[in-house]
Each structure stands twice: as structure tokens, then as C-alpha cells.
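Dumped start_37.tsv below, it's TSV, N, CA and C atoms:
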```tsv
chain	number	residue	atom	x	y	z
A	221	MET	N	4.68	29.08	-52.48
A	221	MET	CA	3.85	28.35	-51.55
A	221	MET	C	3.61	26.93	-52.05
A	222	SER	N	3.38	26.77	-53.32
A	222	SER	CA	3.12	25.43	-53.85
A	222	SER	C	4.38	24.57	-53.77
A	223	LYS	N	5.56	25.21	-53.79
A	223	LYS	CA	6.81	24.46	-53.67
A	223	LYS	C	6.93	23.85	-52.26
A	224	LYS	N	6.59	24.65	-51.23
A	224	LYS	CA	6.62	24.14	-49.87
A	224	LYS	C	5.56	23.05	-49.67
A	225	PHE	N	4.37	23.28	-50.23
A	225	PHE	CA	3.29	22.32	-50.12
A	225	PHE	C	3.67	21.00	-50.80
A	226	ASN	N	4.31	21.10	-51.96
A	226	ASN	CA	4.74	19.89	-52.67
A	226	ASN	C	5.82	19.14	-51.89
A	227	SER	N	6.73	19.87	-51.21
A	227	SER	CA	7.78	19.20	-50.45
A	227	SER	C	7.19	18.50	-49.21
A	228	VAL	N	6.22	19.13	-48.55
A	228	VAL	CA	5.55	18.50	-47.40
A	228	VAL	C	4.77	17.29	-47.86
A	229	LEU	N	4.04	17.43	-48.96
A	229	LEU	CA	3.27	16.33	-49.51
A	229	LEU	C	4.19	15.19	-49.94
A	230	SER	N	5.32	15.50	-50.48
A	230	SER	CA	6.30	14.50	-50.90
A	230	SER	C	6.86	13.77	-49.67
A	231	PHE	N	7.14	14.54	-48.60
A	231	PHE	CA	7.65	13.92	-47.37
A	231	PHE	C	6.64	12.94	-46.81
A	232	PHE	N	5.37	13.36	-46.72
A	232	PHE	CA	4.34	12.46	-46.21
A	232	PHE	C	4.11	11.28	-47.16
A	233	GLY	N	4.25	11.50	-48.43
A	233	GLY	CA	4.07	10.42	-49.39
A	233	GLY	C	5.14	9.36	-49.28
A	234	HIS	N	6.37	9.76	-49.05
A	234	HIS	CA	7.46	8.79	-48.94
A	234	HIS	C	7.50	8.10	-47.58
A	235	ASN	N	7.05	8.78	-46.55
A	235	ASN	CA	7.15	8.25	-45.18
A	235	ASN	C	5.79	7.94	-44.55
A	236	LYS	N	4.78	7.70	-45.39
A	236	LYS	CA	3.44	7.52	-44.84
A	236	LYS	C	3.33	6.30	-43.93
A	237	TYR	N	4.04	5.23	-44.23
A	237	TYR	CA	3.97	4.04	-43.38
A	237	TYR	C	4.63	4.28	-42.03
A	238	TRP	N	5.79	4.95	-42.05
A	238	TRP	CA	6.47	5.26	-40.79
A	238	TRP	C	5.64	6.20	-39.91
A	239	ILE	N	5.02	7.17	-40.55
A	239	ILE	CA	4.19	8.11	-39.80
A	239	ILE	C	3.01	7.39	-39.16
A	240	VAL	N	2.37	6.50	-39.92
A	240	VAL	CA	1.23	5.75	-39.38
A	240	VAL	C	1.69	4.84	-38.24
A	241	ILE	N	2.83	4.20	-38.39
A	241	ILE	CA	3.35	3.32	-37.33
A	241	ILE	C	3.66	4.12	-36.07
A	242	ILE	N	4.32	5.25	-36.21
A	242	ILE	CA	4.67	6.07	-35.05
A	242	ILE	C	3.43	6.60	-34.34
A	243	VAL	N	2.48	7.09	-35.11
A	243	VAL	CA	1.24	7.60	-34.51
A	243	VAL	C	0.48	6.45	-33.84
A	244	GLY	N	0.44	5.29	-34.47
A	244	GLY	CA	-0.23	4.13	-33.87
A	244	GLY	C	0.40	3.70	-32.56
A	245	VAL	N	1.74	3.65	-32.53
A	245	VAL	CA	2.44	3.28	-31.30
A	245	VAL	C	2.18	4.31	-30.20
A	246	LEU	N	2.18	5.58	-30.54
A	246	LEU	CA	1.89	6.62	-29.55
A	246	LEU	C	0.48	6.48	-29.00
A	247	VAL	N	-0.47	6.24	-29.87
A	247	VAL	CA	-1.86	6.12	-29.42
A	247	VAL	C	-2.03	4.89	-28.53
A	248	VAL	N	-1.52	3.76	-28.97
A	248	VAL	CA	-1.68	2.52	-28.20
A	248	VAL	C	-0.82	2.53	-26.95
A	249	GLY	N	0.37	3.10	-27.01
A	249	GLY	CA	1.29	3.04	-25.89
A	249	GLY	C	1.08	4.08	-24.82
A	250	VAL	N	0.68	5.29	-25.19
A	250	VAL	CA	0.68	6.37	-24.22
A	250	VAL	C	-0.64	7.14	-24.17
A	251	ILE	N	-1.17	7.52	-25.28
A	251	ILE	CA	-2.26	8.49	-25.33
A	251	ILE	C	-3.63	7.88	-25.02
A	252	ASP	N	-3.89	6.71	-25.51
A	252	ASP	CA	-5.22	6.11	-25.43
A	252	ASP	C	-5.64	5.83	-23.98
A	253	GLU	N	-6.95	5.72	-23.79
A	253	GLU	CA	-7.49	5.41	-22.47
A	253	GLU	C	-7.06	4.02	-22.01
A	254	ASN	N	-6.87	3.10	-22.91
A	254	ASN	CA	-6.45	1.73	-22.60
A	254	ASN	C	-4.99	1.50	-22.99
A	255	SER	N	-4.14	2.46	-22.70
A	255	SER	CA	-2.74	2.38	-23.12
A	255	SER	C	-1.96	1.39	-22.27
A	256	PHE	N	-0.78	1.03	-22.77
A	256	PHE	CA	0.08	0.12	-22.04
A	256	PHE	C	0.55	0.74	-20.73
A	257	LEU	N	0.78	2.03	-20.74
A	257	LEU	CA	1.22	2.73	-19.54
A	257	LEU	C	0.16	2.63	-18.43
A	258	LYS	N	-1.09	2.84	-18.81
A	258	LYS	CA	-2.18	2.73	-17.83
A	258	LYS	C	-2.36	1.29	-17.37
A	259	ARG	N	-2.15	0.35	-18.28
A	259	ARG	CA	-2.27	-1.06	-17.93
A	259	ARG	C	-1.21	-1.46	-16.90
A	260	VAL	N	0.02	-0.97	-17.07
A	260	VAL	CA	1.09	-1.27	-16.11
A	260	VAL	C	0.75	-0.68	-14.75
A	261	ARG	N	0.24	0.53	-14.72
A	261	ARG	CA	-0.15	1.15	-13.45
A	261	ARG	C	-1.25	0.35	-12.76
A	262	LEU	N	-2.24	-0.09	-13.52
A	262	LEU	CA	-3.34	-0.87	-12.95
A	262	LEU	C	-2.87	-2.23	-12.46
A	263	GLU	N	-1.94	-2.86	-13.18
A	263	GLU	CA	-1.39	-4.14	-12.72
A	263	GLU	C	-0.64	-3.97	-11.41
A	264	SER	N	0.08	-2.86	-11.27
A	264	SER	CA	0.79	-2.58	-10.03
A	264	SER	C	-0.20	-2.39	-8.89
A	265	LYS	N	-1.28	-1.67	-9.15
A	265	LYS	CA	-2.30	-1.44	-8.14
A	265	LYS	C	-2.96	-2.76	-7.73
A	266	ILE	N	-3.21	-3.63	-8.70
A	266	ILE	CA	-3.82	-4.93	-8.42
A	266	ILE	C	-2.92	-5.77	-7.54
A	267	SER	N	-1.61	-5.76	-7.83
A	267	SER	CA	-0.70	-6.55	-7.00
A	267	SER	C	-0.64	-6.01	-5.57
A	268	ASP	N	-0.68	-4.67	-5.42
A	268	ASP	CA	-0.71	-4.09	-4.08
A	268	ASP	C	-1.98	-4.50	-3.33
A	269	LEU	N	-3.10	-4.49	-4.03
A	269	LEU	CA	-4.37	-4.87	-3.39
A	269	LEU	C	-4.37	-6.36	-3.02
A	270	LYS	N	-3.75	-7.20	-3.85
A	270	LYS	CA	-3.67	-8.62	-3.51
A	270	LYS	C	-2.81	-8.84	-2.27
A	271	GLU	N	-1.74	-8.06	-2.13
A	271	GLU	CA	-0.91	-8.15	-0.93
A	271	GLU	C	-1.71	-7.74	0.30
A	272	GLN	N	-2.53	-6.70	0.17
A	272	GLN	CA	-3.36	-6.28	1.28
A	272	GLN	C	-4.39	-7.36	1.64
A	273	ILE	N	-4.94	-8.00	0.63
A	273	ILE	CA	-5.91	-9.08	0.88
A	273	ILE	C	-5.23	-10.21	1.65
A	274	ASP	N	-4.02	-10.58	1.24
A	274	ASP	CA	-3.30	-11.63	1.95
A	274	ASP	C	-3.02	-11.24	3.40
A	275	GLU	N	-2.65	-9.98	3.61
A	275	GLU	CA	-2.39	-9.51	4.97
A	275	GLU	C	-3.67	-9.57	5.82
A	276	TYR	N	-4.78	-9.13	5.27
A	276	TYR	CA	-6.03	-9.16	6.01
A	276	TYR	C	-6.50	-10.60	6.27
A	277	ASN	N	-6.27	-11.48	5.30
A	277	ASN	CA	-6.62	-12.89	5.52
A	277	ASN	C	-5.79	-13.50	6.65
A	278	SER	N	-4.50	-13.17	6.71
A	278	SER	CA	-3.67	-13.70	7.79
A	278	SER	C	-4.11	-13.13	9.13
A	279	ARG	N	-4.46	-11.84	9.17
A	279	ARG	CA	-4.98	-11.25	10.41
A	279	ARG	C	-6.27	-11.94	10.83
A	280	TYR	N	-7.13	-12.21	9.86
A	280	TYR	CA	-8.40	-12.88	10.13
A	280	TYR	C	-8.16	-14.26	10.73
A	281	GLU	N	-7.23	-15.01	10.14
A	281	GLU	CA	-6.94	-16.35	10.66
A	281	GLU	C	-6.39	-16.27	12.09
A	282	ASP	N	-5.51	-15.31	12.36
A	282	ASP	CA	-4.98	-15.14	13.72
A	282	ASP	C	-6.10	-14.81	14.71
A	283	ASN	N	-6.96	-13.90	14.31
A	283	ASN	CA	-8.06	-13.51	15.19
A	283	ASN	C	-9.04	-14.66	15.42
A	284	MET	N	-9.29	-15.45	14.39
A	284	MET	CA	-10.18	-16.59	14.55
A	284	MET	C	-9.57	-17.63	15.47
A	285	ALA	N	-8.25	-17.82	15.40
A	285	ALA	CA	-7.58	-18.76	16.30
A	285	ALA	C	-7.69	-18.27	17.74
A	286	ARG	N	-7.51	-16.97	17.96
A	286	ARG	CA	-7.65	-16.41	19.30
A	286	ARG	C	-9.08	-16.57	19.81
A	287	LEU	N	-10.04	-16.34	18.94
A	287	LEU	CA	-11.44	-16.46	19.33
A	287	LEU	C	-11.77	-17.91	19.70
A	288	ARG	N	-11.28	-18.86	18.92
A	288	ARG	CA	-11.51	-20.27	19.25
A	288	ARG	C	-10.86	-20.61	20.59
A	289	GLU	N	-9.67	-20.05	20.83
A	289	GLU	CA	-9.00	-20.29	22.10
A	289	GLU	C	-9.80	-19.69	23.25
A	290	LEU	N	-10.35	-18.50	23.06
A	290	LEU	CA	-11.17	-17.89	24.10
A	290	LEU	C	-12.41	-18.70	24.40
A	291	GLU	N	-12.99	-19.28	23.37
A	291	GLU	CA	-14.21	-20.06	23.56
A	291	GLU	C	-13.93	-21.38	24.26
A	292	THR	N	-12.76	-21.94	24.09
A	292	THR	CA	-12.48	-23.26	24.65
A	292	THR	C	-11.67	-23.23	25.93
A	293	ASN	N	-10.84	-22.22	26.14
A	293	ASN	CA	-9.92	-22.19	27.27
A	293	ASN	C	-10.25	-21.01	28.19
A	294	PRO	N	-10.71	-21.27	29.41
A	294	PRO	CA	-11.05	-20.16	30.32
A	294	PRO	C	-9.81	-19.40	30.80
A	295	LYS	N	-8.64	-20.00	30.78
A	295	LYS	CA	-7.41	-19.31	31.18
A	295	LYS	C	-7.00	-18.26	30.14
A	296	ALA	N	-7.47	-18.41	28.91
A	296	ALA	CA	-7.11	-17.47	27.85
A	296	ALA	C	-7.69	-16.10	28.12
A	297	ILE	N	-8.87	-16.04	28.70
A	297	ILE	CA	-9.48	-14.74	29.02
A	297	ILE	C	-8.63	-14.01	30.04
A	298	GLU	N	-8.16	-14.74	31.04
A	298	GLU	CA	-7.29	-14.12	32.04
A	298	GLU	C	-5.98	-13.65	31.41
A	299	LYS	N	-5.45	-14.44	30.51
A	299	LYS	CA	-4.19	-14.07	29.84
A	299	LYS	C	-4.36	-12.78	29.03
A	300	ILE	N	-5.43	-12.69	28.28
A	300	ILE	CA	-5.66	-11.49	27.47
A	300	ILE	C	-5.92	-10.28	28.36
A	301	ALA	N	-6.67	-10.48	29.43
A	301	ALA	CA	-6.94	-9.37	30.35
A	301	ALA	C	-5.65	-8.86	30.96
A	302	ARG	N	-4.73	-9.74	31.29
A	302	ARG	CA	-3.46	-9.32	31.87
A	302	ARG	C	-2.56	-8.65	30.84
A	303	GLU	N	-2.47	-9.20	29.64
A	303	GLU	CA	-1.55	-8.68	28.64
A	303	GLU	C	-2.03	-7.38	28.01
A	304	ARG	N	-3.27	-7.34	27.62
A	304	ARG	CA	-3.77	-6.17	26.88
A	304	ARG	C	-4.26	-5.05	27.77
A	305	TYR	N	-4.97	-5.40	28.81
A	305	TYR	CA	-5.64	-4.39	29.62
A	305	TYR	C	-4.98	-4.16	30.97
A	306	PHE	N	-3.84	-4.79	31.18
A	306	PHE	CA	-3.04	-4.62	32.39
A	306	PHE	C	-3.85	-4.86	33.67
A	307	MET	N	-4.74	-5.80	33.61
A	307	MET	CA	-5.50	-6.16	34.81
A	307	MET	C	-4.63	-7.06	35.68
A	308	LYS	N	-4.87	-7.03	36.95
A	308	LYS	CA	-4.04	-7.79	37.88
A	308	LYS	C	-4.88	-8.41	38.97
A	309	ALA	N	-4.27	-9.35	39.64
A	309	ALA	CA	-4.90	-9.93	40.82
A	309	ALA	C	-4.65	-8.99	41.99
A	310	ASP	N	-5.35	-9.21	43.10
A	310	ASP	CA	-5.24	-8.32	44.24
A	310	ASP	C	-3.86	-8.33	44.89
A	311	ASP	N	-3.17	-9.45	44.81
A	311	ASP	CA	-1.91	-9.57	45.53
A	311	ASP	C	-0.67	-9.41	44.64
A	312	GLU	N	-0.78	-8.75	43.50
A	312	GLU	CA	0.39	-8.59	42.64
A	312	GLU	C	0.49	-7.17	42.10
A	313	ASP	N	1.70	-6.81	41.69
A	313	ASP	CA	1.97	-5.50	41.09
A	313	ASP	C	2.35	-5.69	39.64
A	314	ILE	N	2.04	-4.68	38.83
A	314	ILE	CA	2.36	-4.74	37.40
A	314	ILE	C	3.32	-3.60	37.09
A	315	PHE	N	4.37	-3.93	36.35
A	315	PHE	CA	5.31	-2.92	35.88
A	315	PHE	C	5.26	-2.94	34.36
A	316	VAL	N	5.02	-1.78	33.77
A	316	VAL	CA	4.94	-1.67	32.32
A	316	VAL	C	6.26	-1.08	31.83
A	317	LEU	N	6.95	-1.83	30.98
A	317	LEU	CA	8.21	-1.37	30.41
A	317	LEU	C	7.95	-0.90	28.98
A	318	SER	N	8.55	0.22	28.64
A	318	SER	CA	8.33	0.78	27.32
A	318	SER	C	9.65	1.09	26.65
A	319	ASP	N	9.71	0.86	25.35
A	319	ASP	CA	10.90	1.19	24.57
A	319	ASP	C	10.80	2.55	23.92
A	320	ASP	N	9.71	3.24	24.16
A	320	ASP	CA	9.51	4.55	23.53
A	320	ASP	C	10.52	5.55	24.07
A	321	LYS	N	11.02	6.38	23.18
A	321	LYS	CA	11.92	7.44	23.61
A	321	LYS	C	11.10	8.56	24.20
A	322	GLN	N	11.59	9.13	25.28
A	322	GLN	CA	10.88	10.23	25.89
A	322	GLN	C	11.26	11.51	25.17
A	323	ILE	N	10.28	12.30	24.87
A	323	ILE	CA	10.49	13.56	24.18
A	323	ILE	C	10.47	14.67	25.21
A	324	PHE	N	11.57	15.39	25.30
A	324	PHE	CA	11.67	16.48	26.25
A	324	PHE	C	11.35	17.79	25.54
A	325	THR	N	10.55	18.60	26.18
A	325	THR	CA	10.28	19.92	25.65
A	325	THR	C	11.32	20.89	26.21
A	326	GLN	N	11.29	22.11	25.77
A	326	GLN	CA	12.26	23.09	26.24
A	326	GLN	C	12.08	23.38	27.72
A	327	LYS	N	10.87	23.32	28.23
A	327	LYS	CA	10.62	23.54	29.64
A	327	LYS	C	11.31	22.46	30.48
A	328	ASP	N	11.19	21.21	30.01
A	328	ASP	CA	11.81	20.10	30.74
A	328	ASP	C	13.32	20.22	30.77
A	329	GLU	N	13.91	20.67	29.68
A	329	GLU	CA	15.37	20.78	29.62
A	329	GLU	C	15.86	21.89	30.53
A	330	LYS	N	15.10	22.97	30.67
A	330	LYS	CA	15.52	24.08	31.53
A	330	LYS	C	15.44	23.70	33.00
A	331	THR	N	14.47	22.89	33.34
A	331	THR	CA	14.30	22.53	34.74
A	331	THR	C	15.31	21.49	35.20
A	332	GLU	N	15.89	20.72	34.28
A	332	GLU	CA	16.84	19.67	34.66
A	332	GLU	C	18.22	20.18	34.87
```
Exercise: express the given structure as C-alpha cells:
Amino acid sequence: MSKKFNSVLSFFGHNKYWIVIIVGVLVVGVIDENSFLKRVRLESKISDLKEQIDEYNSRYEDNMARLRELETNPKAIEKIARERYFMKADDEDIFVLSDDKQIFTQKDEKTE
């Protein structure tokens, strides 16, 4: 038993610096709460959130431009009512064109 213990102790004695370096890299790189792996994940999340912020800011600017147009131009209200809500004047017809594919159920296929 002492022979095995002496060989293990000798191994650790000769390689103590390498063992400390490897354990340190593992702790700092992977295991620790503030590891490099976690830092990379958080940086990725931050960049995604910044992209979302930019998208929301652009939407905000577009909406503010529309709001300013509504406040200044009375024809804009009519335009939005026609485009979004399909409102029409008394003497006109509206046709709504859609690119959506129609989904047929089995009942529809049997009847055709």
C-alpha cells in the first residue's frame, strides 16, 4: 500500500504545476459561475436583445411618422380606413385579393 501511495505522491509531486494549471483552466473556463462559456452565452443573448431593441425603435419611428401624418393630413385617415379596415364609399366595391393557400379538408376533396 505504501508503494502505491508513494507512486501517487511522486506523480503529484512531479506534475503539481500542470495539475494546478489544468484545474484552474477548468474552473475558470467551464465550471465556475463566471466562466468563459457562460460569458459567451450572455454576450450572444445581449446581441440578440440589442437587435430586438433596434427593431422596436424602427417600428416606433414608423408609427410616429404615421401618427404625425394622421395629425396633419385629413386624407391619411381615409387612406388608413380603406387599407386596413376595408371601408369604402357608397358608390364603390372592394375586392380583397389573398396569396394564402386554401387548405382543403377531406370533406372538401370528396365533394369536388
Top pick for closest residue to A:Ile300, considering A:Glu312, A:Asp320, A:Arg286, A:Val247 and counting only C-alpha atoms: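 Using only C-alpha atoms, A:Ile300 sits closest to A:Arg286.
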What is the distance between atom CA of A:Val260 and atom CA of A:Val248, in Å to one decimal?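 Separation of atom CA of A:Val260 and atom CA of A:Val248: 13.0 Å.
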Adding 4 Å on each side of the box along x, y and z that holds all listed atoms of stretch 297-300 of chain A, could you give its centre and edge lengths in Å to one decimal, as AutoDock Vina command-line options?
```
--center_x -6.8 --center_y -13.2 --center_z 29.8 --size_x 13.3 --size_y 13.8 --size_z 12.6
```
Could you pull out the alpha helix (DSSP H) residues of chain A from DSSP and send them as a PyMOL selection string? chain A and resi 222-234+236-246+256-292+294-305+326-331
